Each structure stands twice: as C-alpha cells, then as structure tokens.
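Report on one structure; see the data block that follows.
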Amino acid sequence: MTRQTRIGALAGALALVVGLTACGGGGSSTGSTPPVTNPPAPVRSVIGNFTFSLGPIGLAQPVEVTVTGTGTVDATAQWTFSANDVDLFLTDRSCNATSYFNLGNCNIMARADSFTSKPEVIRQPLSSGVYRLWVYNDGPGSESGTLIVGFTP
C-alpha cells in the first residue's frame, strides 16, 4: 500500500468518524427531560361583599350565597367596636331566624363565635348549593361592619 493510499484511507475513516459524531451516532444518548409543570394554584374569588348595622343583641338578615362546584367558602365579619361580641354562623338554606335563634333547630355547618376574636372568620368546604350566613351582635352596644365572602375551588 502506498503512502498516498494510506493517507486516503485514513482521511476516509476520519471523515466517517466525524460524520457519525456530528449526527449523534457512535455515542450514548440521554434524551432530554420534559420540564416539570405544576397545575395552577386555585384562585379565590369574592362572591359577596355586604354591610350590616345592628342594635345590641341584634341579628342581621341572613346573607344567601350560592356555591357552584366544590371548594371552600370563607367569610369574614369585621366590625367597629371591640367591646361588642359579634358572631358569625353558616347554615343551610332551610334555617331561619326563628328556628335557630329561638329553638336551636338549625343545621349549623360552621361558626365563629369567640368572645375575643376580631374579626370572626369561617372557612368551610362546601359543594354546590345555596347557604346562609348570619351575623349576630351579642352586644353590649350597637354595631356596624362588613361581611366579605369568598370561594376557592
């Protein structure tokens, strides 16, 4: 074999190695890993923003809220004077003021009735339906405030 033939054979072999390497041949492959995607966090939406004004030992008219789907309802009652004991109750729709507050026959699903907490907050998992929120001022003075209701699916 002549020197020129050997150089040609060597050049051909080198070209073959370079070509295979360039197109990914000849080595092991470790495919790419798809990026990890987390589902988006649930978004809370305000489903009601109400005001109330109550005398001592006064009960506000119930606020009805409609829940579509399954999630958590949160309700926050905030009021002016810390000397007053304001409470918050969540019931089903069948509850009315007479049945609960006079007879104790309501299905109370959640309550926030601390003597010292301000604001009063309820968080309750619920499914589709209509529910009632009640704000009660146990006095000793008149009171006014807000009730903000949210839903997180």
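Lettering and numbering for the structure tokens are positional, with chains as A, B, ... in the shown order, residues counted from 1 in each chain, and ligands counted from 1 in the shown order.
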Set the distance at 10 Å and use only C-alpha atoms: which residues neighbour A:Phe50 once local chain neighbours fewer than 2 positions away are removed? I'd like the list as a short mmCIF file (atom, residue, chain, number, x, y, z; two decimals) with N, CA and C atoms, in the first residue's frame.
data_model
loop_
_atom_site.label_atom_id
_atom_site.label_comp_id
_atom_site.auth_asym_id
_atom_site.auth_seq_id
_atom_site.Cartn_x
_atom_site.Cartn_y
_atom_site.Cartn_z
N GLY A 48 -69.32 37.80 47.57
CA GLY A 48 -70.22 38.71 48.26
C GLY A 48 -69.47 39.69 49.13
N PHE A 52 -73.49 45.53 57.41
CA PHE A 52 -74.56 45.31 58.38
C PHE A 52 -74.55 46.41 59.43
N VAL A 63 -77.54 36.42 54.88
CA VAL A 63 -76.99 36.66 53.55
C VAL A 63 -76.94 35.31 52.86
N ALA A 77 -66.35 38.49 59.09
CA ALA A 77 -67.17 39.58 59.64
C ALA A 77 -66.23 40.50 60.41
N GLY A 145 -70.68 46.96 60.41
CA GLY A 145 -69.47 46.37 59.87
C GLY A 145 -69.67 45.79 58.49
N THR A 146 -68.75 44.92 58.10
CA THR A 146 -68.79 44.30 56.77
C THR A 146 -68.69 42.78 56.90
N LEU A 147 -69.25 42.13 55.90
CA LEU A 147 -69.15 40.68 55.76
C LEU A 147 -68.67 40.42 54.35
N ILE A 148 -67.47 39.86 54.23
CA ILE A 148 -66.91 39.56 52.92
C ILE A 148 -66.84 38.04 52.78
N VAL A 149 -67.38 37.55 51.65
CA VAL A 149 -67.47 36.11 51.42
C VAL A 149 -66.68 35.76 50.16
#
Selection: 7 Å around stretch 84-94 of chain A, only C-alpha atoms, excl. self and same-chain fewer than 5 positions, as an mmCIF file with C-alpha atoms, in the first residue's frame:
data_model
loop_
_atom_site.group_PDB
_atom_site.id
_atom_site.type_symbol
_atom_site.label_atom_id
_atom_site.label_comp_id
_atom_site.auth_asym_id
_atom_site.auth_seq_id
_atom_site.Cartn_x
_atom_site.Cartn_y
_atom_site.Cartn_z
ATOM 1 C CA ALA A 77 -67.166 39.579 59.638
ATOM 2 C CA CYS A 106 -80.805 24.811 62.538
ATOM 3 C CA ASN A 107 -78.100 22.799 60.844
ATOM 4 C CA ILE A 108 -75.101 24.958 61.754
ATOM 5 C CA MET A 109 -72.319 23.978 59.349
ATOM 6 C CA ALA A 110 -69.691 26.358 60.734
ATOM 7 C CA ARG A 111 -69.496 29.013 63.401
ATOM 8 C CA ALA A 112 -67.148 31.736 64.576
ATOM 9 C CA ASP A 113 -68.408 32.792 67.993
ATOM 10 C CA PHE A 115 -65.836 36.263 72.829
ATOM 11 C CA GLU A 120 -64.705 36.439 63.119
ATOM 12 C CA VAL A 130 -77.316 27.834 48.476
ATOM 13 C CA TYR A 131 -76.209 28.628 52.026
ATOM 14 C CA ARG A 132 -76.962 31.314 54.610
ATOM 15 C CA LEU A 133 -74.553 33.405 56.655
ATOM 16 C CA TRP A 134 -75.797 35.094 59.816
ATOM 17 C CA VAL A 135 -74.148 37.964 61.697
ATOM 18 C CA TYR A 136 -75.212 38.273 65.329
ATOM 19 C CA ASN A 137 -74.330 41.124 67.683
ATOM 20 C CA ASP A 138 -74.345 39.905 71.270
ATOM 21 C CA GLY A 139 -73.775 43.492 72.429
ATOM 22 C CA PRO A 140 -73.490 45.363 74.622
ATOM 23 C CA GLY A 141 -73.737 48.279 72.132
#
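Around A:Lys118, within 8 Å and counting only C-alpha atoms, the residues found are Gln78, Trp79 and Ser82 of chain A, once anything fewer than 6 positions away on its own chain is removed.
Relative to atom CA of A:Val73, atom CA of A:Pro125 is found at 6.2 Å.
Restricting the calculation to only C-alpha atoms, the smallest distance between A:Leu54 and any of A:Ser142, A:Val36, A:Ser128, A:Thr116 is found for A:Ser142.
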Notebook entry, point to check: Any idea what the distance is between atom CA of A:Thr70 and atom CA of A:Ser127?
Noted result: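 Atom CA of A:Ser127 lies at a distance of 4.2 Å from atom CA of A:Thr70.
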Check: Nearest to A:Pro62: which of A:Ala41, A:Ala97, A:Val121, A:Ala83 is it, counting only C-alpha atoms?
Finding: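 Answer, going by the shortest atom-to-atom distance: A:Ala97.
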Notebook entry, point to check: Suppose you want the space between atom CA of A:Gln124 and atom CA of A:Phe151; what is it in Å?
Noted result: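 Between atom CA of A:Gln124 and atom CA of A:Phe151 the gap is 9.6 Å.
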Next item on the list: Assign secondary structure with DSSP using the backbone only, and return the residues of stretch 31-142 of chain A in strand (DSSP E) as a ChimeraX atom specification.
Entry: /A:45-54,58-59,63-67,71-79,86-92,108-112,120-126,129-137
Just write the chosen residues, C-alpha atoms, as a PDB file, in the first residue's frame.
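Result file is part10.pdb:
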ATOM      1  CA  SER A  45     -62.989  34.885  44.104  1.00  0.00           C
ATOM      2  CA  VAL A  46     -65.143  37.244  46.152  1.00  0.00           C
ATOM      3  CA  ILE A  47     -68.766  36.113  45.900  1.00  0.00           C
ATOM      4  CA  GLY A  48     -70.221  38.712  48.259  1.00  0.00           C
ATOM      5  CA  ASN A  49     -69.380  41.973  49.981  1.00  0.00           C
ATOM      6  CA  PHE A  50     -72.065  43.078  52.442  1.00  0.00           C
ATOM      7  CA  THR A  51     -72.557  45.651  55.190  1.00  0.00           C
ATOM      8  CA  PHE A  52     -74.561  45.309  58.385  1.00  0.00           C
ATOM      9  CA  SER A  53     -75.858  47.587  61.119  1.00  0.00           C
ATOM     10  CA  LEU A  54     -77.178  46.007  64.309  1.00  0.00           C
ATOM     11  CA  GLY A  58     -79.340  42.033  67.221  1.00  0.00           C
ATOM     12  CA  LEU A  59     -79.424  39.559  64.365  1.00  0.00           C
ATOM     13  CA  VAL A  63     -76.991  36.660  53.550  1.00  0.00           C
ATOM     14  CA  GLU A  64     -77.539  33.930  50.979  1.00  0.00           C
ATOM     15  CA  VAL A  65     -74.570  32.755  48.956  1.00  0.00           C
ATOM     16  CA  THR A  66     -74.667  30.387  46.024  1.00  0.00           C
ATOM     17  CA  VAL A  67     -71.801  27.938  45.572  1.00  0.00           C
ATOM     18  CA  GLY A  71     -64.429  24.202  47.124  1.00  0.00           C
ATOM     19  CA  THR A  72     -64.004  26.239  50.289  1.00  0.00           C
ATOM     20  CA  VAL A  73     -66.160  29.172  51.321  1.00  0.00           C
ATOM     21  CA  ASP A  74     -64.554  31.731  53.585  1.00  0.00           C
ATOM     22  CA  ALA A  75     -66.448  34.501  55.323  1.00  0.00           C
ATOM     23  CA  THR A  76     -65.037  37.339  57.401  1.00  0.00           C
ATOM     24  CA  ALA A  77     -67.166  39.579  59.638  1.00  0.00           C
ATOM     25  CA  GLN A  78     -65.388  42.775  60.662  1.00  0.00           C
ATOM     26  CA  TRP A  79     -66.961  45.393  62.934  1.00  0.00           C
ATOM     27  CA  VAL A  86     -70.129  39.806  67.083  1.00  0.00           C
ATOM     28  CA  ASP A  87     -70.565  36.211  65.925  1.00  0.00           C
ATOM     29  CA  LEU A  88     -70.867  34.562  62.504  1.00  0.00           C
ATOM     30  CA  PHE A  89     -72.775  31.397  61.567  1.00  0.00           C
ATOM     31  CA  LEU A  90     -73.068  29.358  58.358  1.00  0.00           C
ATOM     32  CA  THR A  91     -76.233  27.288  57.890  1.00  0.00           C
ATOM     33  CA  ASP A  92     -78.083  25.533  55.129  1.00  0.00           C
ATOM     34  CA  ILE A 108     -75.101  24.958  61.754  1.00  0.00           C
ATOM     35  CA  MET A 109     -72.319  23.978  59.349  1.00  0.00           C
ATOM     36  CA  ALA A 110     -69.691  26.358  60.734  1.00  0.00           C
ATOM     37  CA  ARG A 111     -69.496  29.013  63.401  1.00  0.00           C
ATOM     38  CA  ALA A 112     -67.148  31.736  64.576  1.00  0.00           C
ATOM     39  CA  GLU A 120     -64.705  36.439  63.119  1.00  0.00           C
ATOM     40  CA  VAL A 121     -63.727  34.083  60.268  1.00  0.00           C
ATOM     41  CA  ILE A 122     -65.315  30.909  58.887  1.00  0.00           C
ATOM     42  CA  ARG A 123     -63.669  28.537  56.376  1.00  0.00           C
ATOM     43  CA  GLN A 124     -65.832  25.619  55.295  1.00  0.00           C
ATOM     44  CA  PRO A 125     -65.540  23.075  52.454  1.00  0.00           C
ATOM     45  CA  LEU A 126     -68.847  23.012  50.546  1.00  0.00           C
ATOM     46  CA  GLY A 129     -75.860  24.776  46.787  1.00  0.00           C
ATOM     47  CA  VAL A 130     -77.316  27.834  48.476  1.00  0.00           C
ATOM     48  CA  TYR A 131     -76.209  28.628  52.026  1.00  0.00           C
ATOM     49  CA  ARG A 132     -76.962  31.314  54.610  1.00  0.00           C
ATOM     50  CA  LEU A 133     -74.553  33.405  56.655  1.00  0.00           C
ATOM     51  CA  TRP A 134     -75.797  35.094  59.816  1.00  0.00           C
ATOM     52  CA  VAL A 135     -74.148  37.964  61.697  1.00  0.00           C
ATOM     53  CA  TYR A 136     -75.212  38.273  65.329  1.00  0.00           C
ATOM     54  CA  ASN A 137     -74.330  41.124  67.683  1.00  0.00           C
TER      55      ASN A 137
END
